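Have a look at model.cif below; it lists mmCIF, N, CA and C atoms.
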```cif
data_start
#
loop_
_atom_site.label_atom_id
_atom_site.label_comp_id
_atom_site.auth_asym_id
_atom_site.auth_seq_id
_atom_site.Cartn_x
_atom_site.Cartn_y
_atom_site.Cartn_z
N GLN I 1 -6.93 1.81 -16.99
CA GLN I 1 -5.56 1.37 -16.76
C GLN I 1 -4.83 2.33 -15.83
N VAL I 2 -3.88 1.77 -15.12
CA VAL I 2 -3.06 2.56 -14.20
C VAL I 2 -1.60 2.32 -14.57
N GLN I 3 -0.83 3.38 -14.65
CA GLN I 3 0.60 3.27 -14.90
C GLN I 3 1.35 3.67 -13.64
N LEU I 4 2.37 2.90 -13.32
CA LEU I 4 3.17 3.13 -12.12
C LEU I 4 4.63 3.26 -12.51
N VAL I 5 5.29 4.29 -12.01
CA VAL I 5 6.70 4.50 -12.30
C VAL I 5 7.44 4.69 -10.98
N GLU I 6 8.47 3.88 -10.77
CA GLU I 6 9.26 3.95 -9.53
C GLU I 6 10.52 4.78 -9.75
N PHE I 7 10.96 5.41 -8.66
CA PHE I 7 12.19 6.19 -8.65
C PHE I 7 12.91 5.91 -7.34
N GLY I 8 14.24 6.08 -7.36
CA GLY I 8 14.98 6.13 -6.10
C GLY I 8 15.83 4.94 -5.74
N GLY I 9 15.84 3.92 -6.56
CA GLY I 9 16.71 2.79 -6.23
C GLY I 9 18.17 3.15 -6.39
N GLY I 10 19.05 2.23 -5.99
CA GLY I 10 20.47 2.48 -6.13
C GLY I 10 21.29 1.59 -5.24
N LEU I 11 22.56 1.97 -5.10
CA LEU I 11 23.52 1.23 -4.29
C LEU I 11 23.79 2.00 -3.02
N VAL I 12 23.73 1.32 -1.89
CA VAL I 12 23.96 1.96 -0.61
C VAL I 12 24.70 0.98 0.30
N GLN I 13 25.48 1.51 1.23
CA GLN I 13 26.17 0.66 2.19
C GLN I 13 25.22 0.24 3.30
N ALA I 14 25.53 -0.89 3.90
CA ALA I 14 24.73 -1.37 5.02
C ALA I 14 24.65 -0.29 6.09
N GLY I 15 23.47 -0.12 6.65
CA GLY I 15 23.24 0.92 7.64
C GLY I 15 22.75 2.22 7.05
N GLY I 16 22.81 2.33 5.73
CA GLY I 16 22.38 3.56 5.07
C GLY I 16 20.89 3.61 4.83
N SER I 17 20.48 4.65 4.11
CA SER I 17 19.06 4.87 3.85
C SER I 17 18.82 5.15 2.37
N LEU I 18 17.63 4.82 1.93
CA LEU I 18 17.16 5.16 0.59
C LEU I 18 15.67 5.47 0.68
N ARG I 19 15.22 6.30 -0.23
CA ARG I 19 13.80 6.60 -0.32
C ARG I 19 13.31 6.28 -1.72
N LEU I 20 12.35 5.39 -1.82
CA LEU I 20 11.74 5.06 -3.09
C LEU I 20 10.45 5.84 -3.26
N SER I 21 10.18 6.21 -4.50
CA SER I 21 8.93 6.89 -4.83
C SER I 21 8.25 6.14 -5.96
N CYS I 22 6.93 6.21 -5.98
CA CYS I 22 6.17 5.59 -7.05
C CYS I 22 5.03 6.54 -7.42
N ALA I 23 5.03 6.96 -8.67
CA ALA I 23 3.99 7.87 -9.15
C ALA I 23 2.99 7.10 -9.99
N ALA I 24 1.72 7.25 -9.64
CA ALA I 24 0.64 6.58 -10.37
C ALA I 24 -0.06 7.57 -11.28
N SER I 25 -0.45 7.11 -12.45
CA SER I 25 -1.21 7.93 -13.39
C SER I 25 -2.23 7.05 -14.10
N GLY I 26 -3.20 7.71 -14.72
CA GLY I 26 -4.24 6.96 -15.41
C GLY I 26 -5.55 7.03 -14.67
N SER I 27 -6.31 5.96 -14.73
CA SER I 27 -7.64 5.90 -14.11
C SER I 27 -7.51 5.41 -12.67
N ILE I 28 -7.28 6.35 -11.77
CA ILE I 28 -7.00 6.01 -10.38
C ILE I 28 -8.27 6.13 -9.56
N SER I 29 -8.61 5.06 -8.88
CA SER I 29 -9.77 5.06 -8.00
C SER I 29 -9.42 5.74 -6.69
N SER I 30 -10.41 6.39 -6.08
CA SER I 30 -10.17 7.01 -4.77
C SER I 30 -10.04 5.95 -3.68
N ILE I 31 -10.49 4.75 -3.97
CA ILE I 31 -10.37 3.65 -3.02
C ILE I 31 -9.38 2.65 -3.59
N ASN I 32 -8.21 2.61 -2.99
CA ASN I 32 -7.21 1.67 -3.49
C ASN I 32 -6.20 1.37 -2.39
N VAL I 33 -5.38 0.41 -2.67
CA VAL I 33 -4.27 0.07 -1.79
C VAL I 33 -3.00 0.18 -2.61
N MET I 34 -2.02 0.89 -2.09
CA MET I 34 -0.73 0.96 -2.75
C MET I 34 0.28 0.23 -1.89
N ALA I 35 1.21 -0.43 -2.54
CA ALA I 35 2.13 -1.28 -1.80
C ALA I 35 3.48 -1.35 -2.48
N TRP I 36 4.45 -1.79 -1.73
CA TRP I 36 5.78 -2.11 -2.24
C TRP I 36 6.02 -3.59 -2.01
N TYR I 37 6.47 -4.24 -3.06
CA TYR I 37 6.92 -5.62 -3.00
C TYR I 37 8.39 -5.65 -3.39
N ARG I 38 9.04 -6.76 -3.09
CA ARG I 38 10.42 -6.92 -3.55
C ARG I 38 10.67 -8.37 -3.93
N GLN I 39 11.64 -8.53 -4.81
CA GLN I 39 12.01 -9.86 -5.25
C GLN I 39 13.53 -9.94 -5.36
N ALA I 40 14.10 -10.80 -4.54
CA ALA I 40 15.54 -11.04 -4.57
C ALA I 40 15.82 -12.20 -5.54
N PRO I 41 17.03 -12.28 -6.06
CA PRO I 41 17.36 -13.35 -7.01
C PRO I 41 17.07 -14.73 -6.42
N GLY I 42 16.35 -15.55 -7.17
CA GLY I 42 16.05 -16.90 -6.74
C GLY I 42 14.96 -17.01 -5.69
N LYS I 43 14.32 -15.90 -5.36
CA LYS I 43 13.27 -15.92 -4.35
C LYS I 43 11.96 -15.41 -4.93
N GLN I 44 10.88 -15.73 -4.21
CA GLN I 44 9.57 -15.26 -4.63
C GLN I 44 9.39 -13.79 -4.28
N ARG I 45 8.52 -13.15 -5.03
CA ARG I 45 8.19 -11.76 -4.71
C ARG I 45 7.44 -11.72 -3.38
N GLU I 46 7.80 -10.77 -2.54
CA GLU I 46 7.18 -10.68 -1.22
C GLU I 46 6.72 -9.27 -0.93
N LEU I 47 5.67 -9.19 -0.13
CA LEU I 47 5.16 -7.89 0.29
C LEU I 47 6.11 -7.25 1.29
N VAL I 48 6.41 -5.99 1.07
CA VAL I 48 7.25 -5.23 2.00
C VAL I 48 6.37 -4.35 2.90
N ALA I 49 5.50 -3.57 2.27
CA ALA I 49 4.63 -2.67 3.02
C ALA I 49 3.47 -2.26 2.13
N ARG I 50 2.34 -1.90 2.76
CA ARG I 50 1.21 -1.41 1.99
C ARG I 50 0.47 -0.36 2.80
N ILE I 51 -0.26 0.48 2.06
CA ILE I 51 -1.02 1.55 2.68
C ILE I 51 -2.35 1.68 1.96
N THR I 52 -3.41 1.78 2.74
CA THR I 52 -4.74 1.92 2.14
C THR I 52 -5.05 3.39 1.88
N SER I 53 -6.14 3.64 1.20
CA SER I 53 -6.53 5.02 0.91
C SER I 53 -6.93 5.76 2.18
N SER I 54 -7.25 5.02 3.26
CA SER I 54 -7.55 5.67 4.54
C SER I 54 -6.31 5.86 5.39
N GLY I 55 -5.17 5.37 4.91
CA GLY I 55 -3.92 5.59 5.62
C GLY I 55 -3.45 4.46 6.51
N SER I 56 -4.18 3.36 6.55
CA SER I 56 -3.74 2.22 7.34
C SER I 56 -2.53 1.57 6.68
N THR I 57 -1.58 1.15 7.50
CA THR I 57 -0.35 0.57 6.97
C THR I 57 -0.12 -0.83 7.52
N ASP I 58 0.69 -1.57 6.78
CA ASP I 58 1.01 -2.95 7.13
C ASP I 58 2.43 -3.21 6.64
N TYR I 59 3.24 -3.92 7.46
CA TYR I 59 4.63 -4.16 7.10
C TYR I 59 5.00 -5.62 7.26
N ALA I 60 5.96 -6.06 6.45
CA ALA I 60 6.56 -7.36 6.67
C ALA I 60 7.36 -7.30 7.97
N ASP I 61 7.40 -8.40 8.69
CA ASP I 61 8.14 -8.43 9.96
C ASP I 61 9.60 -8.05 9.76
N SER I 62 10.16 -8.41 8.62
CA SER I 62 11.59 -8.19 8.39
C SER I 62 11.96 -6.72 8.23
N VAL I 63 10.97 -5.86 8.00
CA VAL I 63 11.27 -4.44 7.78
C VAL I 63 10.63 -3.52 8.82
N LYS I 64 9.83 -4.09 9.71
CA LYS I 64 9.20 -3.26 10.74
C LYS I 64 10.26 -2.50 11.52
N ASP I 65 9.96 -1.27 11.85
CA ASP I 65 10.84 -0.38 12.62
C ASP I 65 12.02 0.13 11.81
N ARG I 66 12.14 -0.30 10.55
CA ARG I 66 13.21 0.22 9.68
C ARG I 66 12.66 0.94 8.45
N PHE I 67 11.55 0.45 7.93
CA PHE I 67 10.94 1.03 6.73
C PHE I 67 9.65 1.74 7.10
N SER I 68 9.32 2.75 6.30
CA SER I 68 8.07 3.48 6.51
C SER I 68 7.43 3.80 5.16
N ILE I 69 6.16 3.45 5.04
CA ILE I 69 5.42 3.73 3.80
C ILE I 69 4.50 4.91 4.04
N SER I 70 4.38 5.77 3.05
CA SER I 70 3.49 6.92 3.14
C SER I 70 3.00 7.27 1.73
N ARG I 71 2.00 8.15 1.69
CA ARG I 71 1.51 8.59 0.39
C ARG I 71 1.16 10.06 0.47
N ASP I 72 1.15 10.73 -0.68
CA ASP I 72 0.89 12.17 -0.66
C ASP I 72 -0.61 12.42 -0.60
N ASN I 73 -0.97 13.69 -0.46
CA ASN I 73 -2.39 14.04 -0.27
C ASN I 73 -3.24 13.72 -1.49
N THR I 74 -2.64 13.71 -2.66
CA THR I 74 -3.41 13.37 -3.86
C THR I 74 -3.62 11.86 -3.96
N LYS I 75 -2.90 11.10 -3.13
CA LYS I 75 -2.98 9.64 -3.12
C LYS I 75 -2.56 9.02 -4.44
N THR I 76 -1.71 9.74 -5.18
CA THR I 76 -1.21 9.20 -6.43
C THR I 76 0.28 8.88 -6.36
N THR I 77 0.91 9.23 -5.26
CA THR I 77 2.33 8.94 -5.09
C THR I 77 2.53 8.25 -3.75
N VAL I 78 3.27 7.17 -3.78
CA VAL I 78 3.57 6.44 -2.56
C VAL I 78 5.09 6.41 -2.37
N TYR I 79 5.51 6.49 -1.13
CA TYR I 79 6.93 6.52 -0.80
C TYR I 79 7.28 5.33 0.10
N LEU I 80 8.52 4.92 0.02
CA LEU I 80 9.04 3.93 0.96
C LEU I 80 10.37 4.45 1.48
N GLN I 81 10.37 4.88 2.72
CA GLN I 81 11.60 5.31 3.38
C GLN I 81 12.25 4.09 4.00
N MET I 82 13.47 3.80 3.59
CA MET I 82 14.16 2.61 4.06
C MET I 82 15.40 3.04 4.83
N ASN I 83 15.42 2.73 6.11
CA ASN I 83 16.53 3.07 6.99
C ASN I 83 17.21 1.79 7.49
N SER I 84 18.41 1.96 8.00
CA SER I 84 19.17 0.83 8.56
C SER I 84 19.17 -0.35 7.60
N LEU I 85 19.48 -0.06 6.36
CA LEU I 85 19.43 -1.10 5.33
C LEU I 85 20.45 -2.20 5.58
N LYS I 86 20.04 -3.42 5.22
CA LYS I 86 20.88 -4.59 5.40
C LYS I 86 21.13 -5.25 4.04
N PRO I 87 22.20 -6.01 3.92
CA PRO I 87 22.45 -6.69 2.64
C PRO I 87 21.26 -7.56 2.19
N GLU I 88 20.55 -8.10 3.15
CA GLU I 88 19.40 -8.96 2.78
C GLU I 88 18.22 -8.16 2.26
N ASP I 89 18.31 -6.84 2.29
CA ASP I 89 17.27 -6.01 1.67
C ASP I 89 17.50 -5.85 0.17
N THR I 90 18.63 -6.35 -0.32
CA THR I 90 18.93 -6.26 -1.74
C THR I 90 17.88 -7.01 -2.56
N ALA I 91 17.30 -6.31 -3.51
CA ALA I 91 16.22 -6.88 -4.32
C ALA I 91 15.77 -5.85 -5.35
N VAL I 92 14.94 -6.30 -6.26
CA VAL I 92 14.20 -5.38 -7.12
C VAL I 92 12.91 -5.05 -6.38
N TYR I 93 12.65 -3.77 -6.23
CA TYR I 93 11.47 -3.31 -5.51
C TYR I 93 10.41 -2.86 -6.53
N TYR I 94 9.21 -3.38 -6.34
CA TYR I 94 8.10 -3.10 -7.26
C TYR I 94 6.99 -2.35 -6.55
N CYS I 95 6.50 -1.35 -7.22
CA CYS I 95 5.31 -0.64 -6.76
C CYS I 95 4.08 -1.38 -7.25
N ASN I 96 3.07 -1.43 -6.41
CA ASN I 96 1.83 -2.14 -6.74
C ASN I 96 0.64 -1.30 -6.32
N GLN I 97 -0.38 -1.31 -7.17
CA GLN I 97 -1.64 -0.65 -6.81
C GLN I 97 -2.78 -1.63 -7.06
N GLN I 98 -3.64 -1.76 -6.06
CA GLN I 98 -4.80 -2.64 -6.16
C GLN I 98 -6.07 -1.79 -6.15
N GLN I 99 -6.87 -1.95 -7.21
CA GLN I 99 -8.16 -1.27 -7.29
C GLN I 99 -9.05 -2.02 -8.26
N TRP I 100 -10.33 -1.94 -8.05
CA TRP I 100 -11.31 -2.63 -8.90
C TRP I 100 -11.06 -4.13 -8.97
N GLY I 101 -10.43 -4.69 -7.96
CA GLY I 101 -10.09 -6.11 -7.98
C GLY I 101 -8.93 -6.45 -8.89
N LEU I 102 -8.22 -5.44 -9.35
CA LEU I 102 -7.08 -5.66 -10.25
C LEU I 102 -5.78 -5.25 -9.58
N ASN I 103 -4.69 -5.83 -10.07
CA ASN I 103 -3.35 -5.46 -9.62
C ASN I 103 -2.60 -4.79 -10.75
N PHE I 104 -1.99 -3.66 -10.44
CA PHE I 104 -1.14 -2.96 -11.40
C PHE I 104 0.27 -2.90 -10.82
N TRP I 105 1.27 -3.05 -11.72
CA TRP I 105 2.67 -3.11 -11.27
C TRP I 105 3.54 -2.10 -12.00
N GLY I 106 4.53 -1.59 -11.29
CA GLY I 106 5.56 -0.81 -11.91
C GLY I 106 6.62 -1.72 -12.51
N GLN I 107 7.63 -1.11 -13.11
CA GLN I 107 8.67 -1.89 -13.79
C GLN I 107 9.75 -2.38 -12.83
N GLY I 108 9.77 -1.83 -11.64
CA GLY I 108 10.75 -2.24 -10.64
C GLY I 108 11.97 -1.35 -10.62
N THR I 109 12.56 -1.25 -9.44
CA THR I 109 13.80 -0.49 -9.29
C THR I 109 14.74 -1.29 -8.39
N GLN I 110 16.00 -1.35 -8.79
CA GLN I 110 16.98 -2.18 -8.08
C GLN I 110 17.50 -1.45 -6.85
N VAL I 111 17.50 -2.15 -5.73
CA VAL I 111 18.13 -1.68 -4.51
C VAL I 111 19.22 -2.69 -4.14
N THR I 112 20.44 -2.20 -4.02
CA THR I 112 21.56 -3.06 -3.66
C THR I 112 22.22 -2.50 -2.41
N VAL I 113 22.32 -3.34 -1.39
CA VAL I 113 22.93 -2.94 -0.13
C VAL I 113 24.23 -3.72 0.03
N SER I 114 25.34 -3.01 0.08
CA SER I 114 26.64 -3.65 0.21
C SER I 114 27.03 -3.77 1.68
N SER I 115 27.74 -4.84 1.98
CA SER I 115 28.15 -5.08 3.37
C SER I 115 29.49 -4.43 3.68
#
```

Turn this file's structure into structure tokens for me.
Amino acid sequence: QVQLVEFGGGLVQAGGSLRLSCAASGSISSINVMAWYRQAPGKQRELVARITSSGSTDYADSVKDRFSISRDNTKTTVYLQMNSLKPEDTAVYYCNQQQWGLNFWGQGTQVTVSS
């Protein structure tokens, strides 16, 4: 099992920045993909960004050039730097880890961007 805990959500004005962190613990494979998803009220959960254990990254078109995903050298913590935030970025952000063909999720952290 893998446990994921997110930190860093909150309220920010449009144009501001936030940094989310997600710490993984438990039985962590050296080969995995860590990602951030988000879900706004009344909408489906969507992929925001992901990073593989080799460091390859992928972003949703809506956040390219504004968000940046990274992970630490132990590969147990993933970060999401969010710049130039917009009201439409308001959502619950979930950390996700994929390994062994399984998906593990954090509890989510609220990000609210005021206009």

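Here the PyMOL selection byres ((chain I and resi 16) around 6) captures the residues Val12, Gln13, Ala14, Gly15, Ser17, Leu18, Met82, Asn83, Ser84 and Leu85 of chain I.
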
Dump of N, CA and C atoms for the selected residues, as an mmCIF file, in the frame of the given file:
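Contents of again-v1.cif, as written:
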```cif
data_model
loop_
_atom_site.group_PDB
_atom_site.id
_atom_site.type_symbol
_atom_site.label_atom_id
_atom_site.label_comp_id
_atom_site.auth_asym_id
_atom_site.auth_seq_id
_atom_site.Cartn_x
_atom_site.Cartn_y
_atom_site.Cartn_z
ATOM 1 N N VAL I 12 23.730 1.320 -1.890
ATOM 2 C CA VAL I 12 23.960 1.960 -0.610
ATOM 3 C C VAL I 12 24.700 0.980 0.300
ATOM 4 N N GLN I 13 25.480 1.510 1.230
ATOM 5 C CA GLN I 13 26.170 0.660 2.190
ATOM 6 C C GLN I 13 25.220 0.240 3.300
ATOM 7 N N ALA I 14 25.530 -0.890 3.900
ATOM 8 C CA ALA I 14 24.730 -1.370 5.020
ATOM 9 C C ALA I 14 24.650 -0.290 6.090
ATOM 10 N N GLY I 15 23.470 -0.120 6.650
ATOM 11 C CA GLY I 15 23.240 0.920 7.640
ATOM 12 C C GLY I 15 22.750 2.220 7.050
ATOM 13 N N SER I 17 20.480 4.650 4.110
ATOM 14 C CA SER I 17 19.060 4.870 3.850
ATOM 15 C C SER I 17 18.820 5.150 2.370
ATOM 16 N N LEU I 18 17.630 4.820 1.930
ATOM 17 C CA LEU I 18 17.160 5.160 0.590
ATOM 18 C C LEU I 18 15.670 5.470 0.680
ATOM 19 N N MET I 82 13.470 3.800 3.590
ATOM 20 C CA MET I 82 14.160 2.610 4.060
ATOM 21 C C MET I 82 15.400 3.040 4.830
ATOM 22 N N ASN I 83 15.420 2.730 6.110
ATOM 23 C CA ASN I 83 16.530 3.070 6.990
ATOM 24 C C ASN I 83 17.210 1.790 7.490
ATOM 25 N N SER I 84 18.410 1.960 8.000
ATOM 26 C CA SER I 84 19.170 0.830 8.560
ATOM 27 C C SER I 84 19.170 -0.350 7.600
ATOM 28 N N LEU I 85 19.480 -0.060 6.360
ATOM 29 C CA LEU I 85 19.430 -1.100 5.330
ATOM 30 C C LEU I 85 20.450 -2.200 5.580
#
```

### Message
If I take atom C of Gly55 (chain I) and CA of Ala40 (chain I), how far is one from the other in Å, to one decimal?
### Response
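Calculated distance between atom C of Gly55 (chain I) and CA of Ala40 (chain I) is 26.9 Å.
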
### Message
Evaluated on this file, the PyMOL selection byres ((chain I and resi 3) around 7) picks out some residues - which ones are they, written as a list in words?
### Response
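Written out, the selection comes to Gln1, Val2, Leu4, Val5, Ala23, Ala24, Ser25, Gly26, Ser27, Trp105 and Gly106 of chain I.
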
### Task
Would you list the contacts of region 66-74 of chain I as a VMD selection string, taking every protein, DNA or RNA residue within 8 Å and counting all atoms listed in the file, but skipping same-chain residues closer than 3 positions in sequence?
chain I and resid 36 49 to 51 55 57 to 59 62 to 63 77 to 85

### Query
How many Å separate atom N of Phe104 (chain I) from atom C of Ser56 (chain I)?
17.9 Å

### Task
Run through the PyMOL selection byres ((chain I and resi 96) around 8) on the given coordinates and return the selected residues as a PyMOL selection string.
chain I and resi 4+22+33-37+93-95+97-99+103-106

### Task
Measure the distance from CA of Ser54 (chain I) to CA of Glu6 (chain I) in Å and round it to one decimal.
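Those two atoms sit 22.0 Å apart.
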
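With distances taken over all atoms listed in the file, I:Lys75 is the one residue among I:Thr109, I:Pro87, I:Lys75, I:Ser114 lying closest to Ser30 (chain I).
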
### Task
Write down as number ranges by chain the residues belonging to region 7-112 of chain I that are assigned strand (DSSP E or B) by DSSP computed on the backbone.
I: 7, 10-13, 18-26, 33-39, 46-52, 57-59, 67-71, 77-82, 91-99, 102-105, 109-112

#### Entry: Selected residue, from I:Ala91, I:Ala60, I:Val113, I:Leu11, that lies nearest to Val48 (chain I) when counting only N, CA and C atoms
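Closest to Val48 (chain I) of all the choices is I:Ala60.
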
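Omitting Gly10 (chain I) and its sequence neighbours fewer than 4 positions away, and counting only C-alpha atoms, the residues within 7 Å are Gln110, Val111 and Thr112 of chain I.
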
### Task
Name the residues in contact with Pro41 (chain I) at a cut-off of 10 Å, using only C-alpha atoms, excluding same-chain residues fewer than 3 positions from it; report them as a ChimeraX atom specification.
/I:44-45,90-92
